[in-house]
Each structure stands twice: as structure tokens, then as C-alpha cells.
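entry.txt (compact mmCIF, C-alpha atoms)
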```txt
# COMPACT_ATOMS: atom_id res chain seq x y z
CA PRO D 1 0.00 0.00 0.00
CA GLY D 2 0.99 3.65 -0.41
CA GLN D 3 2.42 3.28 -3.93
CA ALA D 4 -0.60 4.39 -5.95
CA GLY D 5 1.24 7.56 -6.94
CA GLN D 6 3.84 5.34 -8.61
CA GLY D 7 1.18 3.37 -10.50
CA VAL D 8 1.30 0.31 -8.24
CA SER D 9 -1.85 -1.00 -6.55
CA ALA D 10 -1.87 -2.45 -3.04
CA SER D 11 -2.73 -5.92 -4.36
CA GLY D 12 -2.64 -8.45 -1.48
CA ALA D 13 -4.98 -11.24 -0.44
CA LEU D 14 -8.52 -11.17 -1.81
CA ASP D 15 -9.89 -12.58 1.44
CA MET D 16 -7.97 -10.79 4.18
CA GLY D 17 -10.12 -12.31 6.91
CA ALA D 18 -9.14 -15.83 5.84
CA LEU D 19 -5.47 -14.83 5.69
CA HIS D 20 -5.67 -13.49 9.25
CA ARG D 21 -7.45 -16.60 10.54
CA ALA D 22 -4.84 -18.90 9.03
CA ASN D 23 -2.01 -16.90 10.57
CA ARG D 24 -3.57 -16.71 14.01
CA ALA D 25 -4.07 -20.48 13.97
CA VAL D 26 -0.29 -21.06 13.73
CA GLY D 27 0.72 -18.20 16.03
CA ASN D 28 1.94 -15.81 13.34
CA PRO D 29 1.19 -12.09 13.35
CA ALA D 30 -2.10 -11.75 11.48
CA ASP D 31 -0.58 -9.99 8.46
CA THR D 32 2.23 -12.52 7.83
CA PRO D 33 2.30 -13.48 4.12
CA THR D 34 0.52 -16.73 3.33
CA LEU D 35 0.07 -18.78 0.19
CA GLU D 36 -3.12 -17.88 -1.70
CA ILE D 37 -4.51 -20.85 -3.65
CA THR D 38 -7.15 -20.31 -6.31
CA LEU D 39 -9.35 -23.40 -6.62
CA GLY D 40 -6.71 -26.13 -7.06
CA PRO D 41 -5.72 -28.94 -7.16
CA LEU D 42 -2.37 -28.39 -5.45
CA ARG D 43 0.08 -30.92 -4.00
CA LEU D 44 2.76 -29.84 -1.52
CA ARG D 45 5.42 -32.05 0.06
CA ALA D 46 7.20 -31.21 3.33
CA ASP D 47 10.97 -31.67 3.33
CA ARG D 48 11.09 -31.01 7.09
CA SER D 49 8.64 -30.91 9.98
CA VAL D 50 6.32 -27.91 9.68
CA THR D 51 3.17 -26.51 11.29
CA LEU D 52 0.49 -25.20 8.94
CA ALA D 53 -3.08 -23.93 8.91
CA LEU D 54 -5.66 -23.62 6.13
CA ALA D 55 -8.44 -21.05 5.97
CA GLY D 56 -10.83 -19.81 3.33
CA ALA D 57 -12.41 -22.06 0.74
CA ALA D 58 -10.41 -25.27 1.30
CA ASP D 59 -13.00 -27.84 2.37
CA ARG D 60 -11.58 -31.02 0.83
CA ALA D 61 -7.90 -30.85 1.78
CA GLN D 62 -6.12 -34.05 2.77
CA ILE D 63 -2.87 -35.11 4.42
CA VAL D 64 -1.01 -38.10 2.98
CA ALA D 65 1.26 -39.54 5.68
CA GLY D 66 2.68 -43.03 6.11
CA GLY D 67 0.51 -44.44 3.37
CA LYS D 68 -2.68 -43.09 4.94
CA THR D 69 -4.91 -40.26 3.72
CA LEU D 70 -6.45 -38.10 6.42
CA PRO D 71 -8.70 -35.02 6.31
CA VAL D 72 -7.06 -31.76 7.32
CA PRO D 73 -8.30 -30.83 10.81
CA PRO D 74 -9.53 -27.34 11.68
CA GLY D 75 -6.86 -25.04 13.07
CA ALA D 76 -3.15 -25.82 13.11
CA PHE D 77 -1.81 -29.18 11.94
CA ALA D 78 1.65 -30.68 11.50
CA LEU D 79 3.42 -32.35 8.59
CA ASP D 80 6.53 -34.48 9.08
CA GLN D 81 9.28 -34.81 6.51
CA GLY D 82 7.89 -36.55 3.42
CA ASP D 83 4.22 -35.94 4.26
CA GLU D 84 2.08 -34.40 1.55
CA LEU D 85 -0.77 -31.91 1.60
CA LEU D 86 -3.41 -32.21 -1.13
CA ILE D 87 -5.72 -29.24 -1.68
CA HIS D 88 -8.60 -30.18 -3.98
CA PRO D 89 -10.90 -27.62 -5.67
CA PRO D 90 -13.41 -26.53 -3.02
CA MET D 91 -17.13 -27.13 -3.18
CA ARG D 92 -17.76 -23.51 -2.16
CA GLY D 93 -15.74 -20.35 -2.56
CA MET D 94 -12.68 -19.69 -4.69
CA ARG D 95 -9.57 -19.11 -2.60
CA SER D 96 -7.75 -20.83 0.23
CA TYR D 97 -4.93 -19.52 2.42
CA LEU D 98 -2.12 -21.71 3.72
CA ALA D 99 -0.14 -20.23 6.61
CA LEU D 100 3.23 -21.62 7.72
CA ARG D 101 4.33 -21.13 11.33
CA GLY D 102 7.19 -18.65 11.10
CA GLY D 103 6.13 -17.53 7.64
CA TYR D 104 7.61 -18.20 4.21
CA ASP D 105 11.06 -17.16 3.08
CA VAL D 106 9.95 -14.81 0.31
CA GLU D 107 11.90 -11.80 -0.98
CA PRO D 108 9.61 -8.76 -0.64
CA VAL D 109 9.12 -6.27 -3.47
CA LEU D 110 8.22 -2.71 -2.42
CA SER D 111 7.99 -4.04 1.15
CA SER D 112 5.31 -6.56 0.11
CA ALA D 113 5.19 -10.30 -0.56
CA SER D 114 2.04 -10.02 -2.68
CA THR D 115 2.02 -10.49 -6.43
CA ASP D 116 0.20 -7.99 -8.64
CA THR D 117 -0.96 -10.08 -11.60
CA LEU D 118 -1.88 -7.02 -13.68
CA ALA D 119 1.33 -5.02 -13.21
CA PHE D 120 3.64 -8.09 -12.91
CA VAL D 121 5.12 -6.77 -9.67
CA GLY D 122 6.10 -9.08 -6.82
CA PRO D 123 7.23 -12.67 -6.38
CA GLU D 124 6.42 -15.14 -9.16
CA ALA D 125 3.49 -17.48 -8.78
CA LEU D 126 4.40 -21.03 -7.77
CA LYS D 127 5.13 -23.55 -10.52
CA ASP D 128 5.65 -27.31 -10.54
CA GLY D 129 8.76 -28.19 -8.58
CA ALA D 130 9.05 -24.84 -6.79
CA ALA D 131 10.34 -24.83 -3.21
CA LEU D 132 9.25 -22.46 -0.43
CA GLY D 133 11.66 -21.92 2.42
CA LEU D 134 10.75 -21.47 6.08
CA GLY D 135 10.93 -17.89 7.28
CA LYS D 136 12.17 -16.61 10.61
CA GLY D 137 9.19 -14.52 11.64
CA LYS D 138 8.03 -13.98 15.19
CA VAL D 139 5.68 -16.67 16.47
CA GLU D 140 3.36 -16.84 19.47
CA ALA D 141 1.11 -19.41 21.09
CA ILE D 142 -1.16 -21.19 18.64
CA ALA D 143 -4.73 -19.89 18.72
CA VAL D 144 -7.93 -21.88 18.96
CA ALA D 145 -9.43 -22.69 15.53
CA GLU D 146 -11.86 -19.99 14.44
CA VAL D 147 -15.22 -20.57 12.75
CA GLN D 148 -15.04 -20.31 8.96
CA PRO D 149 -17.87 -18.31 7.35
CA ASP D 150 -20.13 -19.98 4.82
CA LEU D 151 -18.99 -19.32 1.25
CA PRO D 152 -21.03 -19.21 -1.96
CA LYS D 153 -21.12 -21.86 -4.68
CA ALA D 154 -22.08 -21.79 -8.35
CA GLY D 155 -25.82 -21.15 -8.65
CA ASP D 156 -26.08 -19.13 -5.44
CA VAL D 157 -27.27 -15.53 -5.41
CA VAL D 158 -24.95 -13.34 -3.33
CA GLU D 159 -26.01 -9.92 -2.08
CA LEU D 160 -23.21 -7.35 -1.95
CA PRO D 161 -23.73 -3.96 -0.24
CA VAL D 162 -22.65 -0.91 -2.23
CA THR D 163 -22.63 2.82 -2.05
CA LEU D 164 -23.62 4.58 -5.26
CA GLY D 165 -21.08 6.75 -7.05
CA PRO D 166 -18.89 8.50 -7.76
CA ARG D 167 -20.40 8.49 -11.28
CA ALA D 168 -23.94 7.32 -10.62
CA ASP D 169 -25.12 10.61 -12.11
CA TRP D 170 -24.03 9.35 -15.52
CA PHE D 171 -26.99 6.96 -15.43
CA THR D 172 -30.73 7.59 -15.34
CA PRO D 173 -32.74 6.66 -12.23
CA ASP D 174 -34.26 3.79 -14.23
CA MET D 175 -30.80 2.45 -15.09
CA ILE D 176 -29.69 2.67 -11.48
CA ARG D 177 -32.81 0.80 -10.43
CA HIS D 178 -32.00 -1.78 -13.12
CA PHE D 179 -28.44 -2.10 -11.79
CA LEU D 180 -29.80 -2.80 -8.30
CA THR D 181 -32.59 -5.19 -9.27
CA GLN D 182 -31.01 -7.38 -11.95
CA GLU D 183 -28.98 -10.42 -10.94
CA TRP D 184 -25.50 -10.34 -12.49
CA LEU D 185 -23.82 -13.61 -13.47
CA VAL D 186 -20.16 -14.11 -12.47
CA THR D 187 -18.40 -15.21 -15.67
CA PRO D 188 -15.31 -17.43 -16.04
CA GLN D 189 -13.46 -14.38 -17.42
CA SER D 190 -12.83 -13.24 -13.85
CA SER D 191 -9.51 -13.03 -12.01
CA ARG D 192 -7.68 -11.24 -9.19
CA VAL D 193 -7.98 -8.08 -11.31
CA GLY D 194 -11.75 -8.11 -11.32
CA ILE D 195 -15.01 -10.00 -11.68
CA ARG D 196 -16.58 -9.72 -15.12
CA LEU D 197 -20.34 -9.78 -14.80
CA GLU D 198 -23.06 -10.52 -17.32
CA GLY D 199 -26.69 -9.51 -17.17
CA ALA D 200 -29.57 -10.39 -19.45
CA GLN D 201 -30.05 -6.67 -20.07
CA PRO D 202 -26.81 -4.63 -20.14
CA MET D 203 -26.58 -1.19 -18.61
CA ARG D 204 -27.17 1.69 -21.01
CA ARG D 205 -26.33 5.38 -21.05
CA GLU D 206 -28.05 8.18 -22.95
CA ASP D 207 -24.75 9.21 -24.52
CA ALA D 208 -21.38 7.58 -25.25
CA LYS D 209 -19.13 10.35 -23.94
CA GLU D 210 -15.73 9.39 -22.56
CA LEU D 211 -14.63 9.90 -18.97
CA PRO D 212 -11.10 11.21 -18.31
CA SER D 213 -9.06 8.65 -16.40
CA GLU D 214 -9.49 8.91 -12.65
CA GLY D 215 -8.56 6.87 -9.60
CA THR D 216 -10.45 3.70 -8.76
CA GLU D 217 -10.83 1.84 -5.47
CA THR D 218 -10.83 -1.87 -4.81
CA GLY D 219 -14.51 -2.77 -5.00
CA ALA D 220 -15.30 -0.16 -7.67
CA ILE D 221 -17.92 -1.29 -10.22
CA GLN D 222 -17.13 0.10 -13.63
CA ILE D 223 -19.54 0.12 -16.59
CA PRO D 224 -17.69 -0.19 -19.94
CA HIS D 225 -19.27 0.39 -23.35
CA SER D 226 -20.59 -3.19 -23.39
CA GLY D 227 -22.86 -2.31 -20.46
CA GLN D 228 -21.69 -5.42 -18.57
CA PRO D 229 -20.20 -4.37 -15.20
CA VAL D 230 -16.68 -5.15 -13.99
CA LEU D 231 -16.15 -5.40 -10.23
CA PHE D 232 -12.55 -4.48 -9.44
CA LEU D 233 -10.60 -6.67 -7.00
CA ALA D 234 -7.14 -6.35 -5.44
CA ASP D 235 -5.05 -6.25 -8.65
CA HIS D 236 -7.28 -3.73 -10.41
CA PRO D 237 -5.92 -0.81 -12.46
CA LEU D 238 -5.48 2.43 -10.56
CA THR D 239 -7.26 4.55 -13.15
CA GLY D 240 -10.16 3.94 -15.48
CA GLY D 241 -11.87 5.65 -18.37
CA TYR D 242 -15.36 4.31 -17.75
CA PRO D 243 -17.85 5.55 -15.14
CA VAL D 244 -17.91 3.83 -11.75
CA ILE D 245 -21.58 3.48 -10.87
CA ALA D 246 -21.03 2.16 -7.34
CA THR D 247 -18.40 0.83 -4.93
CA LEU D 248 -18.58 -2.15 -2.58
CA LEU D 249 -18.57 -1.42 1.12
CA PRO D 250 -15.23 -2.53 2.61
CA ARG D 251 -16.86 -5.26 4.69
CA ALA D 252 -17.96 -7.01 1.46
CA LEU D 253 -14.53 -7.27 -0.18
CA ASP D 254 -13.59 -10.62 1.38
CA LEU D 255 -16.85 -12.20 0.25
CA ALA D 256 -16.46 -10.78 -3.27
CA GLY D 257 -13.08 -12.49 -3.56
CA GLN D 258 -14.73 -15.86 -2.83
CA ILE D 259 -17.61 -15.74 -5.36
CA PRO D 260 -17.08 -18.44 -8.02
CA PRO D 261 -18.11 -18.38 -11.68
CA GLY D 262 -21.71 -19.45 -12.10
CA ALA D 263 -22.89 -17.60 -8.99
CA ARG D 264 -24.97 -14.45 -9.32
CA ILE D 265 -24.57 -11.11 -7.62
CA ARG D 266 -27.30 -8.72 -6.54
CA PHE D 267 -26.14 -5.28 -5.44
CA VAL D 268 -28.01 -3.67 -2.56
CA THR D 269 -27.98 -0.17 -1.10
CA ASP D 270 -29.91 1.99 1.35
CA HIS D 271 -30.08 4.76 -1.26
CA ASP D 272 -33.41 6.12 -2.49
CA PHE D 273 -32.98 4.11 -5.69
CA ALA D 274 -33.13 0.80 -3.80
CA PRO D 275 -35.53 -1.76 -5.30
CA ILE D 276 -39.18 -1.43 -4.30
CA ASP D 277 -42.00 -3.94 -4.64
```

Translate this structure into C-alpha cells?
Amino acid sequence: PGQAGQGVSASGALDMGALHRANRAVGNPADTPTLEITLGPLRLRADRSVTLALAGAADRAQIVAGGKTLPVPPGAFALDQGDELLIHPPMRGMRSYLALRGGYDVEPVLSSASTDTLAFVGPEALKDGAALGLGKGKVEAIAVAEVQPDLPKAGDVVELPVTLGPRADWFTPDMIRHFLTQEWLVTPQSSRVGIRLEGAQPMRREDAKELPSEGTETGAIQIPHSGQPVLFLADHPLTGGYPVIATLLPRALDLAGQIPPGARIRFVTDHDFAPID
């Protein structure tokens, strides 16, 4: 964070709450870098004894040890040398967070261990055969396992709270009402940069004038010429040339990062343009 003036977004975990829960479970400071895993499958092998914790979407992870396959328990768990961790694609949600007690030995870029997939800044994503070293971060007593929130699956309708603006005035009241009442499908063309949405009836404007580039926040919902909204996530561009009709409330960002393709989003607000029966 703090580098927007240099054209670099904050990036970071899409589900910060899950990252914090995983770290607390192994006794790390809550903001210690963890491994973010999108869907899966992923296989990791321990070359020494380690203590780990999983949070977020992972609901089918398994430990392979001594020829036996065991489910990953809630909270912290241990792997001995040669044990393997299998993280299968989750039934709900999109992203899992694997914390290592003591942290990972990752070289920070701009004081951050996150990877900006749009700007190509930060450590490289893991590839087959990659090795992650054990860091030397401060550790504390291991915390009690925390309750994981329910996450959405394909076919669910997820309500996300928004505040209208800063460019809601570029749309008619009818179009704003349409934006708030239509269910928007999460498409497979989504990523850490943003969620591309699709509605049966696209948004329309009375004119096609251009907007000078201006700053955008994580959670901003931009309406391009296609009329199909884009919900910006952590790796979003810092400026945009299309009007931002609304912005997610900060408390909804973690949930937005866990919505899988095939789910639908309904935006809700306390504004006067909220849907009425």
C-alpha cells in the first residue's frame, strides 16, 4: 500500500479475513504473508517438519502420511518430513490460504510479498517443482481454531452492499434501479484483477461520452461500453476511463473475492434508488 502515486496498486490477499485466521491459527502475526490458492488442485510435500493452517475455501484438503490419507483438521496441523498436503478444488468459494508457522522465506518487493498479476510486480506465482523456504518470523502461542464463514457456490445468489457513485449521475434513475434489481452472473473471465459480470439486459447510457481517467478503489464497479459491469478486485488498475456506478462497502470485499463463476450477484444499497415492490 501507499504506492498508488507510482502506479502500483496495493494488491494483497482477496480474502484478508481468511489470511488473518490462518495466521492466528499457527501463532503468526495476522498480516504474515501466506500462500493464496485459487481453486486447485495443489500438491505440496514437506521436506522437514512444519506446522500449517488452512483457511478460506479449502474444504476437501487431505494429508497423505505413512501411506494413509487423512482429512485436514480445523486449526493448526503438522506435517513431518515426506508428508504431503493435497488441496482439492473446493465445493464452495474460490480461494484458500495456507499459513506456515514462522512464515515463508519470500523476498519482498516494495515491502510486500504479494504479487500484482496485472502489473507483474512481486514474487512469481508457484510452478511445478518450486520450493518455499521457512521464514524466521516472530511466532506466538497457537490460537484456537476460528469458525469459517459460509462461502457461496455456483448457482447461489450473493447480495453485496454498495454505495452509489462517484459516477452514478451518468446513469438515469431507471438504469440505477435496473443495476440494483437485476442479478448479475459471475463469468469465467474473472480473475484477481476483477469479476466480469453478465446480465440479461446490459446497462445503457443516454450518450457515449468518454470519462477522463481517474482513480479507482478496490470494489469499484465500472460500466464499460458493453454495459456489462466489472467489479474491481485487489489487482485492479489504478485509473479507469469508464464511469464507476457504485463501490462495494469494505466489509464485502472478502466475500467478493470468494464468489465463483456461475454464482450471481445482486447489489443492494440503502439509497433512495433501492428496489421497491

_Distance query segment 95-101 of chain D at most 7 Å, all atoms listed in the file, self and fewer than 3 positions along chain excluded, as a ChimeraX atom specification_ = /D:18-19,22-23,26-28,34-39,51-58,104,139,258

*Just give me the gap between atom CA of Val157 of chain D and atom CA of Ala263 of chain D in Å, one decimal is fine.*
6.0 Å

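Ranking D:Leu134, D:Ile63, D:Ala143, D:Leu14 by their shortest atom-to-atom distance to Ala76 of chain D, with all atoms listed in the file included, puts D:Ala143 first.
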
_With all atoms listed in the file as the counted atoms, please give the residues lying no more than 12 Å from Gly7 of chain D, apart from itself and same-chain residues fewer than 2 positions off, as a list in words._
Pro1, Gly2, Gln3, Ala4, Gly5, Ser9, Ala10, Ser11, Asp116, Leu118, Ala119, Phe120, Val121, Gly215, Thr216, Asp235, His236, Pro237, Leu238 and Thr239 of chain D

*asked:* Which residues are close to Pro71 of chain D, i.e. within 9 Å by only C-alpha atoms, leaving aside same-chain residues fewer than 4 positions away? Reply as a PyMOL selection string.
replied: chain D and resi 60-64

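In terms of minimum interatomic distance to Phe179 of chain D, D:Phe267 ranks closest within D:Gly93, D:Ala145, D:Leu151, D:Phe267, counting only C-alpha atoms.
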
*Mind giving me the straight-line distance from atom CA of Asp80 of chain D to atom CA of Arg45 of chain D in Å, one decimal?*
9.4 Å

*asked:* What does the structure give for the distance between atom CA of Glu159 of chain D and atom CA of Arg266 of chain D, in Å to one decimal?
replied: 4.8 Å

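Nearest to Arg43 of chain D of all the residues D:Gly129, D:Pro29, D:Gly262, D:Gly241 is D:Gly129, based on all atoms listed in the file.
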
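Counting all atoms listed in the file and comparing D:Ser111, D:Thr247, D:Thr32, D:Thr269, the residue that lies closest to Gly137 of chain D is D:Thr32.
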
*asked:* So, with only C-alpha atoms as the atoms that count, which of D:Gly75, D:Gly133, D:Pro212, D:Pro243 lies closest to Pro224 of chain D?
replied: D:Pro243

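Nearest to Leu197 of chain D of all the residues D:Asp254, D:Val147, D:Pro260, D:Ala234 is D:Pro260, counting all atoms listed in the file.
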
Residues within 10 Å of Ser226 of chain D, only C-alpha atoms, excluding chain neighbours under 4 positions, as an mmCIF file with C-alpha atoms, in the coordinates of the input:
```
data_model
loop_
_atom_site.group_PDB
_atom_site.id
_atom_site.type_symbol
_atom_site.label_atom_id
_atom_site.label_comp_id
_atom_site.auth_asym_id
_atom_site.auth_seq_id
_atom_site.Cartn_x
_atom_site.Cartn_y
_atom_site.Cartn_z
ATOM 1 C CA GLU D 198 -23.060 -10.520 -17.320
ATOM 2 C CA PRO D 202 -26.810 -4.630 -20.140
ATOM 3 C CA MET D 203 -26.580 -1.190 -18.610
ATOM 4 C CA ARG D 204 -27.170 1.690 -21.010
#
```

I need segment 141-164 of chain D from the structure I supplied, saved as a PDB file, in the first residue's frame with N, CA, C and O atoms retained.
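Contents of selection_3.pdb, as written:
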```
ATOM      1  N   ALA D 141       1.893 -18.220  20.796  1.00  0.00           N
ATOM      2  CA  ALA D 141       1.106 -19.410  21.091  1.00  0.00           C
ATOM      3  C   ALA D 141       0.066 -19.619  19.994  1.00  0.00           C
ATOM      4  O   ALA D 141      -0.473 -18.662  19.432  1.00  0.00           O
ATOM      5  N   ILE D 142      -0.195 -20.855  19.681  1.00  0.00           N
ATOM      6  CA  ILE D 142      -1.162 -21.186  18.636  1.00  0.00           C
ATOM      7  C   ILE D 142      -2.574 -20.928  19.148  1.00  0.00           C
ATOM      8  O   ILE D 142      -2.931 -21.312  20.262  1.00  0.00           O
ATOM      9  N   ALA D 143      -3.377 -20.283  18.326  1.00  0.00           N
ATOM     10  CA  ALA D 143      -4.726 -19.891  18.725  1.00  0.00           C
ATOM     11  C   ALA D 143      -5.713 -21.032  18.513  1.00  0.00           C
ATOM     12  O   ALA D 143      -5.461 -21.976  17.756  1.00  0.00           O
ATOM     13  N   VAL D 144      -6.843 -20.932  19.165  1.00  0.00           N
ATOM     14  CA  VAL D 144      -7.933 -21.882  18.956  1.00  0.00           C
ATOM     15  C   VAL D 144      -8.496 -21.685  17.551  1.00  0.00           C
ATOM     16  O   VAL D 144      -8.581 -20.558  17.048  1.00  0.00           O
ATOM     17  N   ALA D 145      -8.872 -22.769  16.878  1.00  0.00           N
ATOM     18  CA  ALA D 145      -9.429 -22.686  15.533  1.00  0.00           C
ATOM     19  C   ALA D 145     -10.668 -21.801  15.527  1.00  0.00           C
ATOM     20  O   ALA D 145     -11.535 -21.921  16.393  1.00  0.00           O
ATOM     21  N   GLU D 146     -10.742 -20.903  14.559  1.00  0.00           N
ATOM     22  CA  GLU D 146     -11.865 -19.987  14.443  1.00  0.00           C
ATOM     23  C   GLU D 146     -12.899 -20.537  13.463  1.00  0.00           C
ATOM     24  O   GLU D 146     -12.585 -21.305  12.551  1.00  0.00           O
ATOM     25  N   VAL D 147     -14.132 -20.126  13.627  1.00  0.00           N
ATOM     26  CA  VAL D 147     -15.216 -20.570  12.748  1.00  0.00           C
ATOM     27  C   VAL D 147     -15.040 -19.946  11.363  1.00  0.00           C
ATOM     28  O   VAL D 147     -14.806 -18.747  11.230  1.00  0.00           O
ATOM     29  N   GLN D 148     -15.135 -20.789  10.339  1.00  0.00           N
ATOM     30  CA  GLN D 148     -15.044 -20.311   8.965  1.00  0.00           C
ATOM     31  C   GLN D 148     -16.432 -19.873   8.494  1.00  0.00           C
ATOM     32  O   GLN D 148     -17.414 -20.597   8.696  1.00  0.00           O
ATOM     33  N   PRO D 149     -16.550 -18.721   7.863  1.00  0.00           N
ATOM     34  CA  PRO D 149     -17.868 -18.308   7.355  1.00  0.00           C
ATOM     35  C   PRO D 149     -18.304 -19.181   6.184  1.00  0.00           C
ATOM     36  O   PRO D 149     -17.473 -19.765   5.478  1.00  0.00           O
ATOM     37  N   ASP D 150     -19.604 -19.279   5.979  1.00  0.00           N
ATOM     38  CA  ASP D 150     -20.126 -19.985   4.816  1.00  0.00           C
ATOM     39  C   ASP D 150     -19.768 -19.219   3.545  1.00  0.00           C
ATOM     40  O   ASP D 150     -19.844 -17.981   3.510  1.00  0.00           O
ATOM     41  N   LEU D 151     -19.391 -19.945   2.508  1.00  0.00           N
ATOM     42  CA  LEU D 151     -18.988 -19.319   1.253  1.00  0.00           C
ATOM     43  C   LEU D 151     -19.950 -19.731   0.145  1.00  0.00           C
ATOM     44  O   LEU D 151     -20.577 -20.791   0.208  1.00  0.00           O
ATOM     45  N   PRO D 152     -20.067 -18.912  -0.894  1.00  0.00           N
ATOM     46  CA  PRO D 152     -21.027 -19.206  -1.963  1.00  0.00           C
ATOM     47  C   PRO D 152     -20.506 -20.270  -2.922  1.00  0.00           C
ATOM     48  O   PRO D 152     -19.303 -20.492  -3.050  1.00  0.00           O
ATOM     49  N   LYS D 153     -21.446 -20.896  -3.635  1.00  0.00           N
ATOM     50  CA  LYS D 153     -21.121 -21.865  -4.676  1.00  0.00           C
ATOM     51  C   LYS D 153     -21.811 -21.434  -5.962  1.00  0.00           C
ATOM     52  O   LYS D 153     -22.672 -20.531  -5.967  1.00  0.00           O
ATOM     53  N   ALA D 154     -21.437 -22.070  -7.063  1.00  0.00           N
ATOM     54  CA  ALA D 154     -22.082 -21.788  -8.346  1.00  0.00           C
ATOM     55  C   ALA D 154     -23.586 -22.014  -8.211  1.00  0.00           C
ATOM     56  O   ALA D 154     -24.025 -23.002  -7.618  1.00  0.00           O
ATOM     57  N   GLY D 155     -24.362 -21.086  -8.746  1.00  0.00           N
ATOM     58  CA  GLY D 155     -25.816 -21.155  -8.652  1.00  0.00           C
ATOM     59  C   GLY D 155     -26.399 -20.323  -7.537  1.00  0.00           C
ATOM     60  O   GLY D 155     -27.588 -19.999  -7.566  1.00  0.00           O
ATOM     61  N   ASP D 156     -25.589 -19.976  -6.536  1.00  0.00           N
ATOM     62  CA  ASP D 156     -26.078 -19.129  -5.441  1.00  0.00           C
ATOM     63  C   ASP D 156     -26.255 -17.691  -5.905  1.00  0.00           C
ATOM     64  O   ASP D 156     -25.602 -17.229  -6.854  1.00  0.00           O
ATOM     65  N   VAL D 157     -27.128 -16.972  -5.221  1.00  0.00           N
ATOM     66  CA  VAL D 157     -27.267 -15.526  -5.411  1.00  0.00           C
ATOM     67  C   VAL D 157     -26.672 -14.846  -4.183  1.00  0.00           C
ATOM     68  O   VAL D 157     -27.094 -15.120  -3.055  1.00  0.00           O
ATOM     69  N   VAL D 158     -25.674 -13.996  -4.411  1.00  0.00           N
ATOM     70  CA  VAL D 158     -24.951 -13.342  -3.325  1.00  0.00           C
ATOM     71  C   VAL D 158     -25.300 -11.861  -3.328  1.00  0.00           C
ATOM     72  O   VAL D 158     -25.170 -11.186  -4.363  1.00  0.00           O
ATOM     73  N   GLU D 159     -25.733 -11.347  -2.191  1.00  0.00           N
ATOM     74  CA  GLU D 159     -26.009  -9.918  -2.077  1.00  0.00           C
ATOM     75  C   GLU D 159     -24.754  -9.196  -1.593  1.00  0.00           C
ATOM     76  O   GLU D 159     -24.147  -9.586  -0.593  1.00  0.00           O
ATOM     77  N   LEU D 160     -24.374  -8.148  -2.309  1.00  0.00           N
ATOM     78  CA  LEU D 160     -23.207  -7.351  -1.949  1.00  0.00           C
ATOM     79  C   LEU D 160     -23.651  -5.907  -1.705  1.00  0.00           C
ATOM     80  O   LEU D 160     -24.263  -5.282  -2.583  1.00  0.00           O
ATOM     81  N   PRO D 161     -23.345  -5.340  -0.528  1.00  0.00           N
ATOM     82  CA  PRO D 161     -23.734  -3.961  -0.243  1.00  0.00           C
ATOM     83  C   PRO D 161     -22.813  -2.964  -0.949  1.00  0.00           C
ATOM     84  O   PRO D 161     -21.593  -3.146  -0.984  1.00  0.00           O
ATOM     85  N   VAL D 162     -23.414  -1.930  -1.510  1.00  0.00           N
ATOM     86  CA  VAL D 162     -22.648  -0.913  -2.234  1.00  0.00           C
ATOM     87  C   VAL D 162     -23.102   0.475  -1.804  1.00  0.00           C
ATOM     88  O   VAL D 162     -24.177   0.664  -1.240  1.00  0.00           O
ATOM     89  N   THR D 163     -22.239   1.417  -2.099  1.00  0.00           N
ATOM     90  CA  THR D 163     -22.634   2.823  -2.047  1.00  0.00           C
ATOM     91  C   THR D 163     -22.569   3.348  -3.475  1.00  0.00           C
ATOM     92  O   THR D 163     -21.634   3.036  -4.221  1.00  0.00           O
ATOM     93  N   LEU D 164     -23.574   4.089  -3.894  1.00  0.00           N
ATOM     94  CA  LEU D 164     -23.619   4.579  -5.262  1.00  0.00           C
ATOM     95  C   LEU D 164     -22.579   5.670  -5.479  1.00  0.00           C
ATOM     96  O   LEU D 164     -22.281   6.453  -4.576  1.00  0.00           O
TER      97      LEU D 164
END
```
